[in-house]
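Chemist: Pasting start-v4.csv here (CSV, C-alpha atoms):
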chain,number,residue,atom,x,y,z
X,1,MET,CA,93.1,95.2,101.5
X,2,THR,CA,95.0,98.4,102.3
X,3,ARG,CA,98.3,98.2,104.1
X,4,LEU,CA,98.5,101.0,106.6
X,5,LEU,CA,101.3,102.3,108.9
X,6,LEU,CA,100.2,103.9,112.1
X,7,VAL,CA,102.9,106.2,113.7
X,8,ASP,CA,102.1,107.3,117.3
X,9,ASP,CA,104.2,107.4,120.4
X,10,ASN,CA,101.3,106.6,122.7
X,11,ASP,CA,101.0,102.8,123.3
X,12,SER,CA,97.2,103.0,124.1
X,13,VAL,CA,96.5,105.1,121.0
X,14,ARG,CA,98.3,102.6,118.8
X,15,LEU,CA,96.3,99.8,120.5
X,16,ALA,CA,92.9,101.4,120.1
X,17,LEU,CA,93.4,102.7,116.6
X,18,SER,CA,95.0,99.5,115.4
X,19,ALA,CA,92.1,97.5,116.7
X,20,LEU,CA,89.4,99.5,115.0
X,21,LEU,CA,91.4,99.9,111.7
X,22,GLU,CA,92.0,96.1,111.6
X,23,GLU,CA,88.3,95.6,112.2
X,24,GLU,CA,87.7,97.9,109.3
X,25,GLY,CA,89.8,95.6,107.1
X,26,TYR,CA,93.2,97.4,107.0
X,27,ILE,CA,96.5,95.5,107.4
X,28,VAL,CA,98.0,97.6,110.2
X,29,GLU,CA,101.7,98.0,111.1
X,30,THR,CA,102.8,100.4,113.8
X,31,ALA,CA,105.8,102.6,114.6
X,32,ALA,CA,106.3,104.1,118.1
X,33,SER,CA,108.5,107.1,117.2
X,34,PHE,CA,109.8,109.3,114.4
X,35,ALA,CA,113.0,107.3,114.3
X,36,ASP,CA,111.1,104.0,114.1
X,37,ALA,CA,109.0,105.2,111.2
X,38,ALA,CA,112.1,106.6,109.4
X,39,ARG,CA,113.9,103.3,109.9
X,40,MET,CA,111.0,101.3,108.6
X,41,LEU,CA,110.7,103.6,105.6
X,42,ALA,CA,114.4,103.2,104.9
X,43,SER,CA,114.1,99.4,105.1
X,44,GLY,CA,111.3,99.5,102.6
X,45,LEU,CA,107.5,99.4,103.0
X,46,PRO,CA,106.3,98.0,99.6
X,47,GLY,CA,102.7,98.4,98.8
X,48,LEU,CA,102.0,100.7,101.7
X,49,GLY,CA,98.7,102.3,100.9
X,50,MET,CA,98.4,104.8,103.8
X,51,ALA,CA,100.2,106.2,106.7
X,52,LEU,CA,98.7,107.9,109.8
X,53,LEU,CA,101.2,110.2,111.3
X,54,ASP,CA,100.8,111.7,114.7
X,55,MET,CA,102.0,115.3,114.8
X,56,HIS,CA,103.9,115.3,118.1
X,57,LEU,CA,106.0,112.2,118.3
X,58,GLY,CA,108.4,113.1,121.1
X,59,ASP,CA,111.5,112.7,119.0
X,60,GLY,CA,110.2,114.8,116.1
X,61,LEU,CA,107.1,116.1,114.3
X,62,GLY,CA,105.0,113.9,112.1
X,63,VAL,CA,104.9,116.7,109.5
X,64,ASP,CA,108.6,116.2,109.0
X,65,LEU,CA,108.1,112.6,108.0
X,66,ILE,CA,106.1,113.7,104.9
X,67,PRO,CA,109.1,114.5,102.7
X,68,LEU,CA,110.6,111.1,103.6
X,69,PHE,CA,107.4,109.3,102.6
X,70,ARG,CA,107.1,111.3,99.4
X,71,ALA,CA,110.7,110.4,98.5
X,72,ARG,CA,110.6,106.7,99.3
X,73,SER,CA,106.9,105.7,99.1
X,74,ALA,CA,105.3,108.2,96.6
X,75,GLY,CA,102.0,106.4,96.3
X,76,THR,CA,101.2,106.3,100.0
X,77,LYS,CA,98.3,108.4,101.2
X,78,LEU,CA,99.4,110.5,104.2
X,79,VAL,CA,97.2,111.5,107.0
X,80,LEU,CA,98.4,113.9,109.7
X,81,LEU,CA,96.8,113.7,113.1
X,82,SER,CA,97.2,116.4,115.7
X,83,GLY,CA,96.6,116.0,119.4
X,84,ALA,CA,97.0,119.6,120.3
X,85,GLY,CA,94.9,120.8,117.4
X,86,GLY,CA,95.1,124.1,115.6
X,87,ASP,CA,98.7,123.7,114.4
X,88,ILE,CA,98.3,121.9,111.1
X,89,ALA,CA,97.8,123.8,107.8
X,90,PRO,CA,96.3,122.2,104.7
X,91,SER,CA,99.5,123.1,102.8
X,92,THR,CA,101.6,120.6,104.8
X,93,GLY,CA,101.7,118.2,101.9
X,94,ALA,CA,99.6,115.6,103.7
X,95,ASP,CA,96.6,114.2,101.8
X,96,LEU,CA,94.4,114.8,104.9
X,97,CYS,CA,94.8,116.6,108.2
X,98,LEU,CA,92.7,115.7,111.2
X,99,GLY,CA,92.4,116.5,114.8
X,100,LYS,CA,92.6,113.7,117.3
X,101,GLY,CA,89.6,112.9,119.5
X,102,GLY,CA,87.0,113.3,116.8
X,103,ASP,CA,84.1,110.9,115.8
X,104,VAL,CA,85.5,107.5,114.9
X,105,GLY,CA,82.9,106.9,112.2
X,106,GLU,CA,83.9,110.2,110.5
X,107,LEU,CA,87.6,109.3,110.8
X,108,LEU,CA,87.0,105.9,109.1
X,109,ALA,CA,84.9,107.5,106.4
X,110,SER,CA,87.6,110.1,105.7
X,111,LEU,CA,90.2,107.3,105.4
X,112,ARG,CA,87.9,105.4,103.0
X,113,SER,CA,87.6,108.4,100.9
X,114,LEU,CA,91.4,108.5,100.3
X,115,THR,CA,91.3,104.9,99.0
X,116,PRO,CA,88.1,104.7,96.9
X,117,SER,CA,88.9,101.1,95.8
X,118,PHE,CA,89.0,100.0,99.4
X,119,ALA,CA,85.7,98.5,100.5
X,120,SER,CA,85.2,97.9,104.2
X,121,SER,CA,84.0,94.5,105.2
X,122,LYS,CA,82.1,96.0,108.2
X,123,GLY,CA,78.9,98.0,108.2
X,124,GLU,CA,78.1,100.9,110.5
X,125,VAL,CA,76.3,100.0,113.7
J,1,MET,CA,92.5,149.1,118.6
J,2,LYS,CA,96.1,150.2,118.4
J,3,ARG,CA,98.7,147.9,117.0
J,4,HIS,CA,100.5,147.6,120.3
J,5,ASP,CA,97.3,146.5,122.0
J,6,ALA,CA,96.4,144.1,119.1
J,7,LEU,CA,99.9,142.5,119.4
J,8,ARG,CA,99.5,142.2,123.1
J,9,ARG,CA,96.2,140.4,122.7
J,10,ILE,CA,97.7,138.1,120.1
J,11,GLU,CA,100.6,137.4,122.5
J,12,LEU,CA,98.2,136.5,125.3
J,13,ALA,CA,96.3,134.2,122.9
J,14,LEU,CA,99.4,132.5,121.7
J,15,VAL,CA,100.8,132.1,125.2
J,16,ALA,CA,97.5,130.6,126.4
J,17,GLU,CA,97.4,128.3,123.3
J,18,GLU,CA,101.0,127.2,123.9
J,19,VAL,CA,100.7,126.6,127.6
J,20,SER,CA,97.5,124.5,127.2
J,21,SER,CA,98.8,122.6,124.2
J,22,GLY,CA,100.4,119.8,126.3
J,23,ALA,CA,97.2,119.3,128.3
J,24,ARG,CA,95.1,119.4,125.1
J,25,HIS,CA,97.4,116.9,123.4
J,26,ASP,CA,97.1,114.5,126.4
J,27,LEU,CA,93.4,114.9,126.7
J,28,ARG,CA,92.8,114.4,122.9
J,29,ASN,CA,94.9,111.2,123.1
J,30,GLN,CA,92.8,109.9,126.0
J,31,ILE,CA,89.6,110.8,124.1
J,32,THR,CA,91.0,109.0,121.0
J,33,ILE,CA,91.7,105.9,123.1
J,34,ILE,CA,88.2,105.9,124.7
J,35,ARG,CA,86.5,106.6,121.4
J,36,GLY,CA,88.4,103.9,119.6
J,37,ALA,CA,87.8,101.3,122.3
J,38,THR,CA,84.1,102.2,122.6
J,39,PHE,CA,83.6,101.9,118.8
J,40,PHE,CA,85.4,98.6,118.8
J,41,LEU,CA,83.4,97.2,121.7
J,42,ARG,CA,80.1,98.5,120.3
J,43,ARG,CA,80.7,96.6,117.1
J,44,LYS,CA,81.6,93.4,119.0
J,45,VAL,CA,78.4,93.4,121.1
J,46,HIS,CA,75.9,95.0,118.8
J,47,GLY,CA,73.1,92.5,117.9
J,48,THR,CA,74.4,89.9,120.3
J,49,ASP,CA,72.2,88.3,123.0
J,50,VAL,CA,73.7,90.6,125.6
J,51,TRP,CA,72.9,93.6,123.6
J,52,LEU,CA,69.4,92.5,122.9
J,53,SER,CA,68.6,91.5,126.5
J,54,GLU,CA,69.9,94.6,128.2
J,55,PRO,CA,68.7,97.9,126.6
J,56,ARG,CA,70.8,100.0,128.9
J,57,ILE,CA,74.0,98.8,127.1
J,58,ALA,CA,73.0,100.9,124.0
J,59,GLU,CA,72.1,103.8,126.3
J,60,PHE,CA,75.5,103.6,128.0
J,61,PHE,CA,77.3,103.7,124.6
J,62,LYS,CA,75.2,106.7,123.6
J,63,ALA,CA,76.0,108.5,126.9
J,64,ILE,CA,79.7,107.8,126.5
J,65,GLU,CA,79.7,109.2,122.9
J,66,GLU,CA,77.8,112.3,124.1
J,67,GLN,CA,80.3,113.0,126.9
J,68,LEU,CA,83.2,112.4,124.5
J,69,ASP,CA,81.7,115.0,122.1
J,70,ARG,CA,81.5,117.5,125.0
J,71,ALA,CA,85.1,116.8,126.1
J,72,THR,CA,86.3,117.2,122.5
J,73,ALA,CA,84.6,120.5,122.2
J,74,ASN,CA,86.2,121.6,125.5
J,75,VAL,CA,89.8,121.0,124.1
J,76,ASP,CA,89.2,122.9,120.9
J,77,PRO,CA,92.1,125.4,120.6
J,78,ASP,CA,89.7,128.0,119.0
J,79,ARG,CA,87.9,128.2,122.4
J,80,ILE,CA,91.0,129.4,124.0
J,81,VAL,CA,92.3,131.7,121.2
J,82,GLU,CA,89.1,133.3,119.7
J,83,PRO,CA,88.1,135.5,122.6
J,84,LEU,CA,91.4,137.2,122.3
J,85,PHE,CA,92.3,137.0,118.6
J,86,VAL,CA,90.6,136.2,115.3
J,87,ARG,CA,93.1,135.4,112.5
J,88,ARG,CA,92.7,137.6,109.4
J,89,ALA,CA,95.1,136.2,106.8
J,90,SER,CA,95.7,138.1,103.5
J,91,ALA,CA,98.5,138.6,101.1
J,92,THR,CA,101.0,140.5,103.1
J,93,ALA,CA,104.4,141.9,102.3
J,94,LEU,CA,107.2,140.2,104.2
J,95,LYS,CA,108.6,143.6,104.9
J,96,THR,CA,105.5,144.6,106.8
J,97,CYS,CA,105.8,141.6,109.1
J,98,VAL,CA,109.4,142.2,109.8
J,99,ALA,CA,109.0,146.0,110.3
J,100,LEU,CA,106.1,145.4,112.8
J,101,ALA,CA,108.3,143.0,114.7
J,102,ILE,CA,111.2,145.4,114.9
J,103,GLU,CA,109.0,148.3,115.9
J,104,HIS,CA,107.4,146.4,118.8
J,105,ALA,CA,110.4,144.2,119.9
J,106,ARG,CA,111.5,144.7,123.5
J,107,LEU,CA,115.2,145.0,123.1
J,108,ASP,CA,117.9,146.4,125.4
J,109,GLN,CA,119.5,149.6,124.4
J,110,GLY,CA,122.8,147.8,123.6
J,111,CYS,CA,121.1,145.8,120.9
J,112,ARG,CA,120.4,146.9,117.4
J,113,VAL,CA,118.7,145.2,114.5
J,114,ILE,CA,120.0,145.2,110.9
J,115,ALA,CA,117.3,144.1,108.5
J,116,GLU,CA,117.3,143.4,104.8
J,117,VAL,CA,114.0,142.0,103.4
J,118,ASP,CA,113.1,141.4,99.7
J,119,ASP,CA,109.8,142.3,98.1
J,120,CYS,CA,107.8,139.1,98.5
J,121,PHE,CA,104.4,138.2,99.9
J,122,VAL,CA,103.0,135.7,102.3
J,123,ASP,CA,99.3,134.8,102.9
J,124,VAL,CA,99.2,135.4,106.7
J,125,ASP,CA,97.9,137.6,109.5
J,126,PRO,CA,100.6,140.2,109.6
J,127,LEU,CA,100.4,140.7,113.3
J,128,GLU,CA,100.7,137.0,114.0
J,129,ILE,CA,103.8,136.6,111.9
J,130,ALA,CA,105.2,139.9,113.4
J,131,LEU,CA,104.8,138.4,116.8
J,132,ALA,CA,106.6,135.2,115.7
J,133,VAL,CA,109.5,137.3,114.3
J,134,ARG,CA,109.5,139.4,117.5
J,135,CYS,CA,110.0,136.3,119.6
J,136,LEU,CA,113.1,135.5,117.5
J,137,LEU,CA,114.4,139.0,117.8
J,138,GLU,CA,114.0,139.1,121.6
J,139,ASN,CA,115.5,135.6,121.9
J,140,ALA,CA,118.5,136.8,120.0
J,141,ALA,CA,118.9,140.0,122.0
J,142,GLU,CA,118.6,138.1,125.3
J,143,ALA,CA,121.4,135.8,124.2
J,144,MET,CA,123.7,138.9,124.0
J,145,PRO,CA,123.7,140.4,127.5
J,146,ASP,CA,126.4,142.8,126.6
J,147,GLY,CA,124.6,144.0,123.5
J,148,GLY,CA,125.3,143.4,119.8
J,149,VAL,CA,123.7,143.2,116.4
J,150,VAL,CA,120.7,141.0,115.5
J,151,GLU,CA,120.7,140.4,111.7
J,152,VAL,CA,117.4,139.8,109.9
J,153,ARG,CA,117.3,138.6,106.3
J,154,GLY,CA,114.0,137.9,104.5
J,155,GLY,CA,113.4,136.7,101.0
J,156,LEU,CA,112.9,133.7,98.8
J,157,GLY,CA,114.1,130.4,100.4
J,158,ASP,CA,115.8,127.4,98.9
J,159,THR,CA,112.7,126.7,96.8
J,160,THR,CA,110.6,129.1,94.7
J,161,SER,CA,107.5,128.2,96.7
J,162,ALA,CA,108.8,129.3,100.1
J,163,VAL,CA,110.1,132.4,101.8
J,164,THR,CA,112.4,132.5,104.8
J,165,ILE,CA,113.1,135.0,107.5
J,166,ASP,CA,116.5,134.3,108.9
J,167,VAL,CA,117.5,135.8,112.3
J,168,ARG,CA,121.2,135.6,113.4
J,169,ASP,CA,123.0,136.7,116.5
J,170,ALA,CA,126.5,136.2,117.9
J,171,GLY,CA,125.3,135.5,121.4
J,172,LEU,CA,125.5,132.6,123.8
J,173,GLY,CA,123.6,130.1,121.5
J,174,PHE,CA,121.6,127.2,122.9
J,175,SER,CA,124.1,125.8,125.4
J,176,GLY,CA,124.0,122.2,124.3
J,177,LEU,CA,120.3,122.0,123.6
J,178,THR,CA,119.4,120.1,120.5
J,179,PRO,CA,117.2,121.8,117.8
J,180,ILE,CA,114.2,119.7,118.9
J,181,GLN,CA,114.8,120.7,122.6
J,182,ALA,CA,115.2,124.3,121.7
J,183,VAL,CA,111.7,124.6,120.4
J,184,GLN,CA,110.0,122.7,123.2
J,185,PRO,CA,107.8,124.8,125.4
J,186,PHE,CA,109.2,125.6,128.9
J,187,VAL,CA,112.8,124.7,127.8
J,188,THR,CA,115.1,127.6,128.4
J,189,THR,CA,118.8,128.3,129.2
J,190,LYS,CA,117.9,131.8,130.7
J,191,ASP,CA,117.0,132.4,134.3
J,192,GLY,CA,113.6,134.1,134.7
J,193,HIS,CA,112.3,133.1,131.3
J,194,LEU,CA,109.5,130.7,130.5
J,195,GLY,CA,110.9,129.3,127.3
J,196,LEU,CA,107.9,129.9,125.2
J,197,GLY,CA,109.1,132.2,122.5
J,198,LEU,CA,110.5,129.7,120.0
J,199,SER,CA,107.7,127.2,120.6
J,200,MET,CA,105.1,129.9,120.0
J,201,ALA,CA,106.9,131.0,116.8
J,202,SER,CA,107.1,127.4,115.6
J,203,ARG,CA,103.4,126.8,116.2
J,204,VAL,CA,102.5,130.0,114.3
J,205,CYS,CA,104.6,128.8,111.3
J,206,ARG,CA,103.0,125.4,111.3
J,207,LYS,CA,99.5,127.0,111.2
J,208,TYR,CA,100.4,128.5,107.9
J,209,GLY,CA,102.1,125.4,106.5
J,210,GLY,CA,105.6,126.5,107.3
J,211,LYS,CA,108.2,125.6,109.9
J,212,LEU,CA,110.8,127.0,112.2
J,213,VAL,CA,114.4,125.7,111.7
J,214,VAL,CA,117.1,125.9,114.3
J,215,HIS,CA,120.5,125.7,112.4
J,216,SER,CA,123.6,124.3,113.9
J,217,VAL,CA,126.2,127.1,114.0
J,218,PRO,CA,129.6,127.2,115.8
J,219,ARG,CA,128.8,130.5,117.6
J,220,GLY,CA,125.6,132.4,118.4
J,221,SER,CA,122.3,131.3,116.8
J,222,HIS,CA,120.7,131.1,113.4
J,223,ILE,CA,116.9,130.5,113.2
J,224,SER,CA,114.7,130.5,110.1
J,225,LEU,CA,111.0,130.9,109.8
J,226,VAL,CA,109.9,129.2,106.5
J,227,LEU,CA,106.5,130.2,105.1
J,228,PRO,CA,104.7,129.3,101.8
J,229,LEU,CA,105.2,132.0,99.2
J,230,CYS,CA,101.9,133.8,98.3
J,231,THR,CA,101.6,134.4,94.6
J,232,THR,CA,98.2,136.2,94.8
J,233,LYS,CA,98.8,139.9,95.4
J,234,GLU,CA,95.2,141.1,94.9
J,235,ARG,CA,94.4,141.6,98.5
J,236,ARG,CA,97.6,143.1,99.8
J,237,HIS,CA,97.4,144.0,103.5
J,238,ASP,CA,97.2,147.7,104.1
J,239,THR,CA,100.4,148.5,105.9
J,240,THR,CA,99.4,151.9,107.2
J,241,SER,CA,96.1,151.4,109.2
J,242,PRO,CA,96.1,149.8,112.6
J,243,ARG,CA,93.7,147.0,113.2
J,244,GLY,CA,90.4,148.0,114.6
Would it be possible to restate this file's structure as structure tokens?

Modeler:
Amino acid sequence: MTRLLLVDDNDSVRLALSALLEEEGYIVETAASFADAARMLASGLPGLGMALLDMHLGDGLGVDLIPLFRARSAGTKLVLLSGAGGDIAPSTGADLCLGKGGDVGELLASLRSLTPSFASSKGEV
Amino acid sequence: MKRHDALRRIELALVAEEVSSGARHDLRNQITIIRGATFFLRRKVHGTDVWLSEPRIAEFFKAIEEQLDRATANVDPDRIVEPLFVRRASATALKTCVALAIEHARLDQGCRVIAEVDDCFVDVDPLEIALAVRCLLENAAEAMPDGGVVEVRGGLGDTTSAVTIDVRDAGLGFSGLTPIQAVQPFVTTKDGHLGLGLSMASRVCRKYGGKLVVHSVPRGSHISLVLPLCTTKERRHDTTSPRG
């Protein structure tokens, strides 16, 4: 099972995405701000397979977390999510850049493609 | 279309994009929540007795998804920008972007710009980057109500993979604003200003994989635009012909 960190400053987004990611078989941890994520990273997140980073976090930009992850958790796949859309370039250093609000099935398929060894326990309905 | 008109249209597009970004962000978050919850609930009830006994449940889920697809399309930033501006990125000399910015900057007579830019290339739409640089120039000039010099320095950055455009002034600075606050839309220390210039410039940089950096300096301001260096020079942007 893949351990995943979801960084988003919106409580309900964390609730909704955590629920469906856990359903998908991920072990989900959450951070509510840039500072929270940086603190968790500094404390150590061993075995972290993936991090979903919201772009606009209130106290910073998700894109600015990428160098911290690369330095402290090099093997972690990084996915940048933008709410506003249109302000993420492929060259940010993230493994995947996605706009929020898209089809959930496509989101989950994109995440699975980053971790090929990860097999979902749930089928599509 | 003359360059001035083209820049004006890009400015309108970027203002519209920036002004609507907060609403788009909130709406996309709400759509994400509804989509996530719907997907979760659908999985939980699919195939259960309730699902099988009430065919309208499946129809409702389908209707919700269709409406969410429409809502998502409505908050696509391309819908706002494309009627005014279609981005045309190509390998462009940094000098071209800075020269365009200086040529079209709206500066008071008491302000002058000293620019020194190295020969290096970025893969950008030159007018869009020129507009971002112009925002910095005008921001610097407005911070010096009695006039002064705005210094522009362009060239390779701290790494060999990036270029920077540094804009410095000896004006009033940001009056206690943090770097994060300084680039928020609608945050300004100047009366009669909207506070969109730095946030627009920051958004433009992010589109190209770069960033805007507000440096802490004891006096005045120092802002950098950081952009990925372009190593392909085969399609250099023609610096002489205006965009049609």

Chemist: Could you build a table of the residues in chain J lying no more than 9 Å from chain X, giving for each the nearest pair of atoms and their separation in Å rounded to one decimal place, using only C-alpha atoms, ordered by chain and ascending residue number, as a tab-separated table?

Modeler:
residue	atom	partner	partner_atom	distance
J:Ser20	CA	X:Ala84	CA	8.5
J:Ser21	CA	X:Ala84	CA	5.2
J:Gly22	CA	X:Ala84	CA	6.9
J:Ala23	CA	X:Ala84	CA	8.0
J:Arg24	CA	X:Ala84	CA	5.2
J:His25	CA	X:Ala84	CA	4.1
J:Asp26	CA	X:Gly83	CA	7.2
J:Leu27	CA	X:Gly83	CA	8.0
J:Arg28	CA	X:Gly101	CA	4.9
J:Asn29	CA	X:Gly83	CA	6.3
J:Gln30	CA	X:Gly101	CA	7.8
J:Ile31	CA	X:Gly101	CA	5.1
J:Thr32	CA	X:Gly101	CA	4.4
J:Ile33	CA	X:Val13	CA	5.3
J:Ile34	CA	X:Ala16	CA	8.0
J:Arg35	CA	X:Val104	CA	6.6
J:Gly36	CA	X:Ala16	CA	5.2
J:Ala37	CA	X:Ala16	CA	5.6
J:Phe39	CA	X:Val104	CA	7.1
J:Phe40	CA	X:Leu20	CA	5.6
J:Arg42	CA	X:Val125	CA	7.8
J:Arg43	CA	X:Val125	CA	6.5
J:His46	CA	X:Val125	CA	7.2
J:Glu65	CA	X:Asp103	CA	8.5
J:Leu68	CA	X:Gly101	CA	8.1
J:Asp69	CA	X:Gly102	CA	7.7
J:Ala71	CA	X:Gly101	CA	8.9
J:Thr72	CA	X:Gly101	CA	6.2
J:Val75	CA	X:Ala84	CA	8.3
J:Asp76	CA	X:Gly85	CA	7.0
J:Pro77	CA	X:Gly86	CA	6.0
J:Asp78	CA	X:Gly86	CA	7.5
J:Ile180	CA	X:Gly60	CA	6.9
J:Arg203	CA	X:Asp87	CA	5.9
J:Val204	CA	X:Asp87	CA	7.4
J:Cys205	CA	X:Asp87	CA	8.4
J:Arg206	CA	X:Asp87	CA	5.6
J:Lys207	CA	X:Asp87	CA	4.7
J:Tyr208	CA	X:Ala89	CA	5.4
J:Gly209	CA	X:Ala89	CA	4.8
J:Gly210	CA	X:Thr92	CA	7.6
J:Pro228	CA	X:Ser91	CA	8.2

Chemist: Near J:Leu225, within 7 Å and counting all atoms listed in the file, which residues show up once chain neighbours fewer than 2 positions away are dropped, as a list of chain:residue names?

Modeler: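 Skipping anything fewer than 2 positions along the chain leaves J:Thr164, J:Ile165, J:Asp166, J:Cys205, J:Lys211, J:Leu212, J:Val213, J:Ile223, J:Leu227.
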
Chemist: Just give me the gap between atom CA of J:Ile57 and atom CA of X:Ala109 in Å, one decimal is fine.

Modeler: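 Straight-line distance from atom CA of J:Ile57 to atom CA of X:Ala109 works out to 25.0 Å.
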
Chemist: In Å, rounded to a single decimal, give me how far atom CA of J:Ala105 is from atom CA of J:Arg168.

Modeler: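 Separation of atom CA of J:Arg168 and atom CA of J:Ala105: 15.3 Å.
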
Chemist: What lies within 8 Å of stretch 74-79 of chain X using only C-alpha atoms, ignoring chain neighbours under 3 positions off, as a ChimeraX atom specification?

Modeler: /X:48-53,66,69-71,94-98,114

Chemist: Which one of J:Val133, J:Met200, J:Ile80, J:Val217 sits closest to J:Pro185 if you count all atoms listed in the file?

Modeler: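 Among the listed residues, J:Met200 lies closest to J:Pro185.
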
Chemist: Take atom CA of J:Lys95 and atom CA of J:Leu156 and report the distance between them in Å, one decimal.

Modeler: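 Atom CA of J:Lys95 sits 12.4 Å away from atom CA of J:Leu156.
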
Chemist: Pick out the closest residue to X:Thr30 from this set: X:Leu108, X:Leu65, X:Leu5, X:Leu57. Count only C-alpha atoms.

Modeler: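 Comparing X:Leu108, X:Leu65, X:Leu5, X:Leu57 against X:Thr30, the winner is X:Leu5.
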
Chemist: Name the residues within 8 Å of (100.0, 135.8, 110.9), counting only C-alpha atoms in the file's coordinates, and put them as a list in words.

Modeler: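 Answer for this query, in the requested form: Arg87, Arg88, Ala89, Val124, Asp125, Pro126, Leu127, Glu128, Ile129, Ala130, Val204 and Tyr208 of chain J.
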
Chemist: Mind writing the picked residues with C-alpha atoms as a short mmCIF file (atom, residue, chain, number, x, y, z; two decimals), in the coordinates of the input?

Modeler:
data_model
loop_
_atom_site.label_atom_id
_atom_site.label_comp_id
_atom_site.auth_asym_id
_atom_site.auth_seq_id
_atom_site.Cartn_x
_atom_site.Cartn_y
_atom_site.Cartn_z
CA ARG J 87 93.10 135.40 112.50
CA ARG J 88 92.70 137.60 109.40
CA ALA J 89 95.10 136.20 106.80
CA VAL J 124 99.20 135.40 106.70
CA ASP J 125 97.90 137.60 109.50
CA PRO J 126 100.60 140.20 109.60
CA LEU J 127 100.40 140.70 113.30
CA GLU J 128 100.70 137.00 114.00
CA ILE J 129 103.80 136.60 111.90
CA ALA J 130 105.20 139.90 113.40
CA VAL J 204 102.50 130.00 114.30
CA TYR J 208 100.40 128.50 107.90
#

Chemist: Which residue out of J:Leu136, J:Pro145, J:Trp51, J:Val19 has the minimum interatomic distance to J:Gln109 when all atoms listed in the file are used?

Modeler: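 For J:Gln109, the nearest of the given residues is J:Pro145.
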